[in-house]
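Trainee: What follows is the file data_7.tsv, containing TSV, C-alpha atoms and all ligand atoms:
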chain	number	residue	atom	x	y	z
A	156	MET	CA	-9.47	-27.43	5.44
A	157	ALA	CA	-8.24	-25.92	2.23
A	158	VAL	CA	-10.90	-25.81	-0.47
A	159	ASN	CA	-8.86	-25.54	-3.64
A	160	ASN	CA	-11.15	-23.61	-5.89
A	161	ILE	CA	-13.16	-21.72	-3.36
A	162	ILE	CA	-14.72	-18.52	-4.70
A	163	ILE	CA	-14.28	-15.53	-2.40
A	164	LEU	CA	-15.63	-12.00	-2.72
A	165	GLY	CA	-13.07	-9.48	-1.37
A	166	ILE	CA	-14.05	-5.99	-0.23
A	167	GLU	CA	-11.69	-3.10	0.52
A	168	SER	CA	-12.80	0.28	1.88
A	169	SER	CA	-10.11	1.35	4.36
A	170	CYS	CA	-9.23	4.70	2.85
A	171	ASP	CA	-10.31	6.38	-0.38
A	172	ASP	CA	-10.63	3.41	-2.75
A	173	THR	CA	-13.79	1.30	-2.89
A	174	SER	CA	-12.78	-2.05	-4.31
A	175	ALA	CA	-14.30	-5.49	-4.87
A	176	ALA	CA	-12.63	-8.59	-6.29
A	177	ILE	CA	-13.52	-12.18	-7.03
A	178	LEU	CA	-10.93	-14.84	-6.27
A	179	ALA	CA	-11.18	-18.49	-7.36
A	180	GLY	CA	-8.59	-20.61	-5.56
A	181	THR	CA	-5.58	-18.29	-5.81
A	182	LYS	CA	-6.58	-16.76	-9.15
A	183	ILE	CA	-8.16	-13.34	-9.50
A	184	LEU	CA	-11.20	-13.36	-11.78
A	185	SER	CA	-11.95	-9.64	-11.35
A	186	ASN	CA	-10.65	-6.67	-9.39
A	187	VAL	CA	-12.71	-3.49	-9.65
A	188	THR	CA	-11.78	-0.23	-7.93
A	189	ALA	CA	-13.58	3.11	-7.74
A	190	THR	CA	-11.03	5.78	-6.78
A	191	GLN	CA	-12.36	8.89	-5.08
A	192	LEU	CA	-11.00	11.91	-6.91
A	193	ILE	CA	-13.03	14.17	-4.64
A	194	HIS	CA	-10.11	14.50	-2.14
A	195	GLU	CA	-7.61	15.92	-4.63
A	196	ARG	CA	-8.41	19.55	-3.98
A	197	TYR	CA	-8.35	19.19	-0.17
A	198	GLY	CA	-4.71	18.07	0.00
A	199	GLY	CA	-5.62	14.83	1.77
A	200	VAL	CA	-8.42	12.34	2.34
A	201	VAL	CA	-11.47	13.94	4.02
A	202	PRO	CA	-12.94	11.13	6.16
A	203	GLU	CA	-16.58	12.30	5.96
A	204	LEU	CA	-16.45	12.54	2.18
A	205	ALA	CA	-14.67	9.20	1.92
A	206	SER	CA	-17.32	7.25	3.84
A	207	ARG	CA	-20.12	8.90	1.88
A	208	ALA	CA	-18.45	7.99	-1.42
A	209	HIS	CA	-17.91	4.39	-0.23
A	210	GLN	CA	-21.65	4.14	0.46
A	211	GLU	CA	-22.42	5.30	-3.06
A	212	ASN	CA	-19.80	3.12	-4.74
A	213	ILE	CA	-19.89	-0.16	-2.90
A	214	LEU	CA	-22.86	-1.88	-4.52
A	215	PRO	CA	-21.98	-0.88	-8.12
A	216	VAL	CA	-18.37	-1.98	-7.56
A	217	VAL	CA	-19.42	-5.38	-6.16
A	218	GLU	CA	-21.92	-5.87	-9.00
A	219	ARG	CA	-19.26	-5.09	-11.59
A	220	ALA	CA	-16.75	-7.45	-9.95
A	221	ILE	CA	-19.30	-10.27	-10.09
A	222	GLU	CA	-20.20	-9.48	-13.69
A	223	GLU	CA	-16.56	-9.21	-14.86
A	224	ALA	CA	-15.73	-12.50	-13.14
A	225	GLY	CA	-18.50	-14.19	-15.14
A	226	ILE	CA	-20.06	-15.74	-12.04
A	227	THR	CA	-23.38	-15.32	-10.23
A	228	LEU	CA	-24.15	-14.33	-6.64
A	229	LYS	CA	-24.80	-17.97	-5.72
A	230	ASP	CA	-21.26	-18.99	-6.74
A	231	ILE	CA	-19.67	-16.91	-3.95
A	232	GLN	CA	-18.69	-19.17	-1.04
A	233	ALA	CA	-17.18	-16.66	1.42
A	234	VAL	CA	-16.77	-12.91	1.82
A	235	ALA	CA	-13.53	-11.26	2.99
A	236	PHE	CA	-13.42	-7.61	4.04
A	237	THR	CA	-10.90	-5.14	5.45
A	238	GLN	CA	-11.55	-4.90	9.18
A	239	GLY	CA	-8.71	-2.39	9.73
A	240	PRO	CA	-6.52	-0.45	10.12
A	241	GLY	CA	-7.82	2.63	8.32
A	242	LEU	CA	-10.41	5.39	8.53
A	243	LEU	CA	-13.21	4.17	10.79
A	244	GLY	CA	-16.11	5.66	8.80
A	245	SER	CA	-14.72	4.13	5.61
A	246	LEU	CA	-14.07	0.72	7.18
A	247	VAL	CA	-17.60	0.63	8.62
A	248	VAL	CA	-19.11	0.81	5.12
A	249	GLY	CA	-17.19	-2.24	3.84
A	250	THR	CA	-17.59	-4.13	7.12
A	251	SER	CA	-21.36	-3.59	7.27
A	252	PHE	CA	-21.78	-4.48	3.62
A	253	ALA	CA	-19.76	-7.70	4.05
A	254	LYS	CA	-21.71	-8.70	7.16
A	255	ALA	CA	-25.05	-8.15	5.44
A	256	PHE	CA	-23.83	-10.01	2.35
A	257	ALA	CA	-22.63	-12.99	4.40
A	258	LEU	CA	-25.90	-13.10	6.32
A	259	ALA	CA	-28.06	-12.87	3.21
A	260	GLN	CA	-26.08	-15.54	1.32
A	261	ASN	CA	-25.47	-17.66	4.43
A	262	ILE	CA	-21.71	-17.87	3.78
A	263	PRO	CA	-18.65	-17.42	6.05
A	264	LEU	CA	-17.19	-14.02	6.85
A	265	LEU	CA	-13.41	-13.39	6.86
A	266	ALA	CA	-11.99	-10.33	8.67
A	267	VAL	CA	-8.74	-9.18	7.02
A	268	HIS	CA	-5.87	-7.00	8.29
A	269	HIS	CA	-5.18	-4.44	5.56
A	270	MET	CA	-1.37	-4.36	5.94
A	271	LYS	CA	-1.09	-8.15	6.04
A	272	ALA	CA	-3.19	-8.24	2.87
A	273	HIS	CA	-0.71	-5.91	1.12
A	274	ILE	CA	1.98	-8.53	1.87
A	275	LEU	CA	-0.20	-11.51	0.93
A	276	ALA	CA	-0.87	-9.98	-2.50
A	277	HIS	CA	2.43	-11.71	-3.42
A	278	PHE	CA	0.57	-15.04	-3.34
A	279	ILE	CA	-1.99	-14.16	-5.98
A	280	ASP	CA	-1.57	-16.64	-8.81
A	281	ASP	CA	0.40	-15.13	-11.62
A	282	MET	CA	2.28	-17.32	-14.07
A	283	GLU	CA	4.77	-14.56	-14.82
A	284	LYS	CA	5.90	-14.05	-11.26
A	285	GLU	CA	7.78	-16.31	-8.92
A	286	LYS	CA	6.43	-16.28	-5.35
A	287	PRO	CA	8.59	-15.71	-2.27
A	288	THR	CA	9.23	-18.67	0.02
A	289	PHE	CA	9.29	-18.40	3.81
A	290	PRO	CA	10.91	-16.69	5.58
A	291	PHE	CA	11.12	-13.42	3.67
A	292	LEU	CA	11.38	-9.76	4.54
A	293	CYS	CA	8.71	-7.36	3.31
A	294	LEU	CA	9.02	-3.60	3.15
A	295	THR	CA	5.43	-2.41	3.45
A	296	VAL	CA	5.19	1.20	2.42
A	297	SER	CA	1.84	2.96	2.14
A	298	GLY	CA	0.20	6.28	2.91
A	299	GLY	CA	-0.29	5.28	6.53
A	300	HIS	CA	2.42	2.71	7.26
A	301	THR	CA	6.11	2.02	6.77
A	302	GLN	CA	7.32	-1.27	8.16
A	303	ILE	CA	9.90	-3.98	7.71
A	304	VAL	CA	8.10	-7.26	8.34
A	305	LEU	CA	9.56	-10.73	8.82
A	306	VAL	CA	7.08	-13.08	7.13
A	307	GLU	CA	7.36	-16.64	8.41
A	308	SER	CA	4.11	-18.05	7.02
A	309	HIS	CA	0.88	-16.80	5.44
A	310	LEU	CA	-0.39	-16.08	8.94
A	311	LYS	CA	2.76	-15.52	11.02
A	312	MET	CA	4.36	-12.13	10.54
A	313	SER	CA	6.33	-9.86	12.89
A	314	ILE	CA	7.31	-6.22	12.59
A	315	LEU	CA	11.09	-5.66	12.86
A	316	GLY	CA	10.97	-1.89	12.31
A	317	LYS	CA	8.44	0.86	11.67
A	318	THR	CA	8.20	4.58	11.25
A	319	ILE	CA	8.21	6.69	14.39
A	320	ASP	CA	6.51	9.61	12.62
A	321	ASP	CA	5.37	9.96	8.99
A	322	ALA	CA	4.90	7.04	6.62
A	323	ALA	CA	6.89	6.94	3.36
A	324	GLY	CA	3.74	7.68	1.32
A	325	GLU	CA	2.99	10.60	3.61
A	326	ALA	CA	6.53	11.90	3.07
A	327	PHE	CA	5.93	11.76	-0.70
A	328	ASP	CA	2.50	13.38	-0.40
A	329	LYS	CA	3.62	16.15	1.98
A	330	ALA	CA	6.62	17.00	-0.19
A	331	ALA	CA	4.32	17.02	-3.22
A	332	LYS	CA	2.00	19.43	-1.43
A	333	MET	CA	4.96	21.80	-0.86
A	334	LEU	CA	5.49	21.72	-4.62
A	335	GLY	CA	1.83	22.60	-5.18
A	336	PHE	CA	0.63	19.17	-6.40
A	337	TYR	CA	-2.82	17.72	-5.81
A	338	TYR	CA	-3.29	14.86	-3.34
A	339	PRO	CA	-1.99	12.16	-3.54
A	340	GLY	CA	1.15	13.70	-4.97
A	341	GLY	CA	3.43	10.64	-4.65
A	342	PRO	CA	2.75	9.41	-8.20
A	343	LEU	CA	3.35	12.94	-9.57
A	344	ILE	CA	6.74	13.18	-7.85
A	345	ASP	CA	7.56	9.85	-9.50
A	346	LYS	CA	6.43	11.16	-12.89
A	347	PHE	CA	8.38	14.46	-12.85
A	348	ALA	CA	11.42	12.80	-11.24
A	349	GLN	CA	11.96	10.85	-14.48
A	350	LEU	CA	12.98	14.13	-16.11
A	351	GLY	CA	15.10	15.54	-13.26
A	352	ASN	CA	18.56	15.37	-11.74
A	353	PRO	CA	18.42	13.44	-8.44
A	354	ASP	CA	21.73	14.92	-7.26
A	355	LYS	CA	20.78	18.57	-7.70
A	356	PHE	CA	19.51	19.01	-4.12
A	357	THR	CA	20.45	17.22	-0.92
A	358	PHE	CA	18.30	17.05	2.18
A	359	SER	CA	19.12	15.98	5.72
A	360	LYS	CA	19.12	12.26	6.48
A	361	PRO	CA	17.54	10.79	9.64
A	362	ARG	CA	19.94	9.50	12.28
A	363	ILE	CA	17.74	6.89	13.88
A	364	GLN	CA	19.13	3.68	15.31
A	365	GLY	CA	17.88	0.15	14.63
A	366	LEU	CA	15.33	-0.72	11.98
A	367	ASP	CA	12.86	2.10	12.68
A	368	PHE	CA	12.27	4.89	10.18
A	369	SER	CA	11.77	8.64	10.53
A	370	PHE	CA	10.70	11.02	7.79
A	371	SER	CA	9.80	14.17	9.72
A	372	GLY	CA	13.37	15.57	9.58
A	373	LEU	CA	13.46	15.13	5.82
A	374	LYS	CA	10.11	16.90	5.53
A	375	THR	CA	11.41	19.90	7.50
A	376	SER	CA	14.64	19.93	5.50
A	377	ILE	CA	12.70	20.03	2.20
A	378	LEU	CA	10.41	22.76	3.54
A	379	TYR	CA	13.31	24.99	4.68
A	380	SER	CA	15.30	24.43	1.47
A	381	ILE	CA	12.33	25.51	-0.64
A	382	ARG	CA	11.50	28.46	1.60
A	383	ASP	CA	15.08	29.77	1.61
A	384	ALA	CA	15.46	29.37	-2.15
A	385	GLN	CA	12.14	31.11	-2.79
A	386	LYS	CA	13.41	34.19	-0.93
A	387	GLU	CA	16.07	34.54	-3.65
A	388	ASN	CA	13.91	33.38	-6.52
A	389	PRO	CA	10.09	33.40	-6.30
A	390	ASN	CA	9.93	31.05	-9.32
A	391	PHE	CA	12.27	28.53	-7.69
A	392	ILE	CA	9.73	25.68	-7.63
A	393	GLU	CA	8.55	26.14	-11.21
A	394	GLU	CA	12.11	26.38	-12.53
A	395	ASN	CA	13.38	23.36	-10.56
A	396	ARG	CA	10.30	21.14	-10.41
A	397	ASN	CA	11.81	18.05	-12.04
A	398	ASP	CA	15.12	18.26	-10.15
A	399	LEU	CA	13.28	18.79	-6.85
A	400	CYS	CA	11.09	15.74	-7.52
A	401	ALA	CA	14.08	13.59	-8.47
A	402	SER	CA	16.08	14.70	-5.42
A	403	ILE	CA	13.16	14.20	-2.99
A	404	GLN	CA	12.45	10.76	-4.45
A	405	LYS	CA	16.10	9.75	-4.21
A	406	SER	CA	16.21	10.82	-0.53
A	407	ILE	CA	13.08	8.87	0.45
A	408	VAL	CA	14.15	5.76	-1.46
A	409	SER	CA	17.66	5.81	0.01
A	410	ILE	CA	16.23	5.97	3.55
A	411	LEU	CA	14.07	2.91	2.80
A	412	ILE	CA	16.84	0.91	1.12
A	413	GLN	CA	19.40	1.65	3.82
A	414	LYS	CA	17.13	0.15	6.51
A	415	LEU	CA	16.34	-2.84	4.30
A	416	GLU	CA	20.07	-3.48	3.88
A	417	GLN	CA	20.41	-3.36	7.65
A	418	ALA	CA	17.49	-5.82	8.07
A	419	VAL	CA	18.99	-8.27	5.57
A	420	GLN	CA	22.31	-8.11	7.39
A	421	GLN	CA	20.69	-8.53	10.80
A	422	THR	CA	18.39	-11.46	9.93
A	423	GLY	CA	20.44	-13.20	7.26
A	424	VAL	CA	17.21	-13.37	5.20
A	425	ASN	CA	17.96	-12.23	1.66
A	426	GLN	CA	14.51	-12.67	0.09
A	427	VAL	CA	13.05	-9.19	0.02
A	428	ALA	CA	9.54	-8.22	-1.07
A	429	LEU	CA	7.81	-4.88	-1.50
A	430	ALA	CA	4.18	-4.11	-0.62
A	431	GLY	CA	1.84	-1.14	-0.30
A	432	GLY	CA	1.09	1.89	-2.44
A	433	VAL	CA	4.65	3.27	-2.49
A	434	SER	CA	5.89	0.03	-4.06
A	435	ALA	CA	4.45	1.50	-7.26
A	436	ASN	CA	7.35	4.01	-7.14
A	437	SER	CA	9.64	3.46	-10.11
A	438	GLU	CA	12.87	4.50	-8.36
A	439	LEU	CA	12.19	2.19	-5.41
A	440	ARG	CA	11.50	-0.68	-7.82
A	441	LYS	CA	14.65	0.11	-9.80
A	442	VAL	CA	16.98	0.36	-6.80
A	443	LEU	CA	15.54	-2.79	-5.24
A	444	ASN	CA	15.89	-4.70	-8.50
A	445	GLY	CA	19.53	-3.55	-8.58
A	446	LYS	CA	20.08	-5.35	-5.25
A	447	LYS	CA	19.82	-8.66	-7.12
A	448	MET	CA	23.52	-8.02	-7.83
A	449	ASP	CA	24.11	-8.32	-4.07
A	450	ASP	CA	22.47	-11.77	-4.11
A	451	TRP	CA	19.08	-10.59	-2.92
A	452	LYS	CA	15.98	-12.32	-4.26
A	453	VAL	CA	13.59	-9.51	-4.98
A	454	PHE	CA	9.78	-9.69	-5.25
A	455	ILE	CA	7.78	-6.74	-6.50
A	456	PRO	CA	4.01	-7.03	-6.86
A	457	LYS	CA	2.21	-6.34	-10.10
A	458	PHE	CA	1.35	-2.68	-10.39
A	459	GLU	CA	-2.41	-3.17	-9.84
A	460	TYR	CA	-1.79	-5.03	-6.58
A	461	CYS	CA	0.48	-2.33	-5.11
A	462	THR	CA	-2.06	0.37	-4.24
A	463	ASP	CA	-5.24	-0.44	-2.34
A	464	ASN	CA	-7.27	-3.18	-4.00
A	465	ALA	CA	-9.71	-5.92	-3.05
A	466	ALA	CA	-7.74	-8.70	-4.77
A	467	MET	CA	-5.28	-8.66	-1.87
A	468	ILE	CA	-8.17	-8.77	0.62
A	469	ALA	CA	-9.63	-11.81	-1.12
A	470	ILE	CA	-6.32	-13.74	-1.12
A	471	ALA	CA	-5.70	-12.83	2.55
A	472	GLY	CA	-9.27	-14.08	3.22
A	473	LYS	CA	-8.44	-17.38	1.55
A	474	PHE	CA	-5.60	-18.04	3.99
A	475	LEU	CA	-7.95	-17.26	6.91
A	476	PHE	CA	-10.53	-19.61	5.39
A	477	ASP	CA	-7.94	-22.39	5.01
A	478	SER	CA	-7.03	-22.07	8.70
A	479	GLY	CA	-10.68	-21.98	9.79
A	480	ASP	CA	-10.37	-18.45	11.15
A	481	PHE	CA	-13.90	-17.12	10.56
A	482	ALA	CA	-15.41	-13.89	11.88
A	483	THR	CA	-18.83	-13.75	13.53
A	484	GLN	CA	-21.64	-11.26	12.94
A	485	ALA	CA	-20.38	-9.45	16.08
A	486	VAL	CA	-17.21	-8.36	14.25
A	487	SER	CA	-16.62	-4.60	14.00
A	488	ALA	CA	-14.31	-2.32	12.04
A	489	LYS	CA	-11.09	-1.20	13.75
A	490	ALA	CA	-9.30	2.06	12.92
A	491	ARG	CA	-6.27	0.70	14.77
A	492	MET	CA	-5.67	-2.98	14.61
A	493	ASP	CA	-3.09	-5.17	16.31
A	494	TRP	CA	-0.75	-7.02	14.07
A	501	LIG	O1	-1.36	1.46	-0.01
A	501	LIG	P1	-1.98	2.70	-0.51
A	501	LIG	O2	-2.70	2.66	-1.83
A	501	LIG	O3	-2.99	3.28	0.53
A	501	LIG	C1	-2.77	3.22	1.90
A	501	LIG	O4	-3.09	2.16	2.49
A	501	LIG	O5	-2.22	4.21	2.42
A	501	LIG	O6	-0.81	3.80	-0.56
A	501	LIG	C2	-1.07	5.11	-0.98
A	501	LIG	C3	0.23	5.89	-0.95
A	501	LIG	C4	0.04	7.39	-1.16
A	501	LIG	O7	0.78	8.08	-0.18
A	501	LIG	C5	0.61	7.63	-2.56
A	501	LIG	O8	1.14	8.91	-2.76
A	501	LIG	C6	1.68	6.57	-2.61
A	501	LIG	O9	1.11	5.44	-2.00
A	501	LIG	N1	2.09	6.25	-4.00
A	501	LIG	C7	3.27	6.58	-4.51
A	501	LIG	C8	3.26	6.13	-5.86
A	501	LIG	N2	2.05	5.54	-6.11
A	501	LIG	C9	1.34	5.62	-4.94
A	501	LIG	N3	4.33	7.20	-3.97
A	501	LIG	C10	5.41	7.38	-4.76
A	501	LIG	N4	5.47	6.99	-6.05
A	501	LIG	C11	4.43	6.36	-6.64
A	501	LIG	N5	4.51	5.97	-7.92
A	502	ZN	ZN	-2.97	0.22	1.69
Please, can you express the file's structure as structure tokens?
Mentor:
Amino acid sequence: MAVNNIIILGIESSCDDTSAAILAGTKILSNVTATQLIHERYGGVVPELASRAHQENILPVVERAIEEAGITLKDIQAVAFTQGPGLLGSLVVGTSFAKAFALAQNIPLLAVHHMKAHILAHFIDDMEKEKPTFPFLCLTVSGGHTQIVLVESHLKMSILGKTIDDAAGEAFDKAAKMLGFYYPGGPLIDKFAQLGNPDKFTFSKPRIQGLDFSFSGLKTSILYSIRDAQKENPNFIEENRNDLCASIQKSIVSILIQKLEQAVQQTGVNQVALAGGVSANSELRKVLNGKKMDDWKVFIPKFEYCTDNAAMIAIAGKFLFDSGDFATQAVSAKARMDW
């Protein structure tokens, strides 16, 4: 029962971004995010601080999304929220808000899977971008997940490979921490890498079979390389910052691309999409775009829909709405959530 121009409020609070968006049909009218800078100095997201900040931010963010969309409360016909996976205390804030909102407005509630929403962000209406057709492969790379997903419909997706230890974003952030960067350091590695030589340093590559990923060996290899070099030269990091960033970035990206190549070969599916925070990485985008030469069709989301945002939650909610998959008031947040 697809309602073409249905207006949905999307709410995202799974980690350290509080976000609200208004979707009309498949168009985004507004997408407002409050990022919590409070975690920077702790080297990672502090769950207690995150849930407290979500509580403070959620109403102002929703109000701004409604205002920027140029609609009123009464125009909203359904509310979609991130049920999981993520930090429980953070998810509970968005879940409780969405439930109360749905109850007060007497509108349907749509419980969204955060990682599926990252993938479904590709279906947000955007005249500039062509949308993937089914089936396609999606490399979902975030701070908590690294997966190769076979997407057969808006609702049918299966995981072909996943990380057995750290996620790609975690690998970026942990390496960045070794270089003394604030959390999340992934974007800073990307920034300094632009000025560095990616072939200056080489780190060990994982030897893992199939389509699964592993980043813990790389992490150890980076740690030991830096530690050994610092014994000779205490200023090693400062003097080699850009080259270290470029070399680390090249290693992580080549691990991701090698498994994607394997997945394309194995499935015969040559439409490849990117999703999740790490898809903002410029080297990953560049290398993947280069694969068009190998006859791949490549889909990279708009920058603002790569990292956590409520626009993707709203569009994922629309597909649930269209299939009649509504949540009840008994729904609860899930730190771990089945696919
Ligand atoms: O999807 P996301 O916003 O949040 C999670 O659901 O985890 O992903 C955040 C991750 C962080 O690890 C962050 O360092 C990484 O995405 N990230 C990047 C870049 N932008 C964000 N990593 C490398 N290069 C970037 N440009
Ligand atoms: Zn995410």
Trainee: Given a cut-off of 9 Å, what residues near ligand ZN 502 (chain A) show up using only C-alpha atoms and all ligand atoms, put as a list in words?
Mentor: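 Those within range of ligand ZN 502 (chain A) are Ser169, Cys170, Gly241, His269, Met270, Ala272, His273, Thr295, Val296, Ser297, Gly298, Gly299, His300, Ala430, Gly431, Gly432, Cys461, Thr462, Asp463 and Asn464 of chain A.
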Trainee: Would you mind reading off the distance between CA of Arg491 (chain A) and CA of Gly239 (chain A), one decimal, in Å?
Mentor: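 Taking CA of Arg491 (chain A) and CA of Gly239 (chain A), their separation equals 6.4 Å.
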Trainee: Using CA of Ala255 (chain A) and CA of Ala485 (chain A) as the two end points, give the distance in Å to one decimal.
Mentor: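 Pair CA of Ala255 (chain A) / CA of Ala485 (chain A) returns 11.7 Å.
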Trainee: Can you tell me which residues surround Gln302 (chain A) at a distance of at most 9 Å, considering all atoms listed in the file, apart from same-chain residues fewer than 2 positions away, and format the answer as a list of chain:residue names?
Mentor: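 Surrounding residues, per the criterion: A:Cys293, A:Leu294, A:Thr295, A:Val296, A:His300, A:Val304, A:Ile314, A:Leu315, A:Gly316, A:Lys317, A:Thr318, A:Ala322, A:Leu366, A:Asp367, A:Phe368.
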Trainee: Between region 434-466 of chain A and region 408-419 of chain A, at 8 Å or less, what are the per-residue closest atom pairs and their distances in Å? Count only C-alpha atoms, order by chain and rising residue number, and return it as a Markdown table.
Mentor:
| residue | atom | partner | partner_atom | distance |
| --- | --- | --- | --- | --- |
| A:Glu438 | CA | A:Val408 | CA | 7.1 |
| A:Leu439 | CA | A:Val408 | CA | 5.7 |
| A:Val442 | CA | A:Ile412 | CA | 7.9 |
| A:Leu443 | CA | A:Ile412 | CA | 7.5 |
Trainee: From the set A:Glu167, A:Glu459, A:Glu203, A:Asp280, which residue has the shortest atom-to-atom contact distance to Ala179 (chain A), counting only C-alpha atoms?
Mentor: A:Asp280
Trainee: May I ask for the distance between CA of Ser245 (chain A) and CA of Gly341 (chain A), given in Å to one decimal place?
Mentor: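 It comes out at 21.8 Å.
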Trainee: Pick out the closest residue to ligand LIG 501 (chain A) from this set: A:Met448, A:Ile470, A:Leu429, A:Ile193. Count only C-alpha atoms and all ligand atoms.
Mentor: A:Leu429
Trainee: Can you work out which one of A:Met467, A:Lys286, A:Ser380, A:Tyr337 has the shortest atom-to-atom distance to Ala175 (chain A), counting all atoms listed in the file?
Mentor: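 Counting all atoms listed in the file, the residue closest to Ala175 (chain A) is A:Met467.
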Trainee: Measuring between all atoms listed in the file, which one of A:Ser406, A:Gln349, A:Asn444, A:Gln426 shows the shortest distance to Glu307 (chain A)?
Mentor: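 Closest candidate: A:Gln426.
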Trainee: Nearest residue to ligand LIG 501 (chain A) out of A:Ile279, A:Ala465, A:Ala435, A:Leu265, using only C-alpha atoms and all ligand atoms?
Mentor: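 Smallest separation from ligand LIG 501 (chain A) among the options: A:Ala435.
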Trainee: Measuring atom to atom with all atoms listed in the file, identify which of A:Ala331, A:Leu305, A:Ile221, A:Ala401 is nearest to Ala348 (chain A).
Mentor: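 Among A:Ala331, A:Leu305, A:Ile221, A:Ala401, it is A:Ala401 that comes nearest to Ala348 (chain A).
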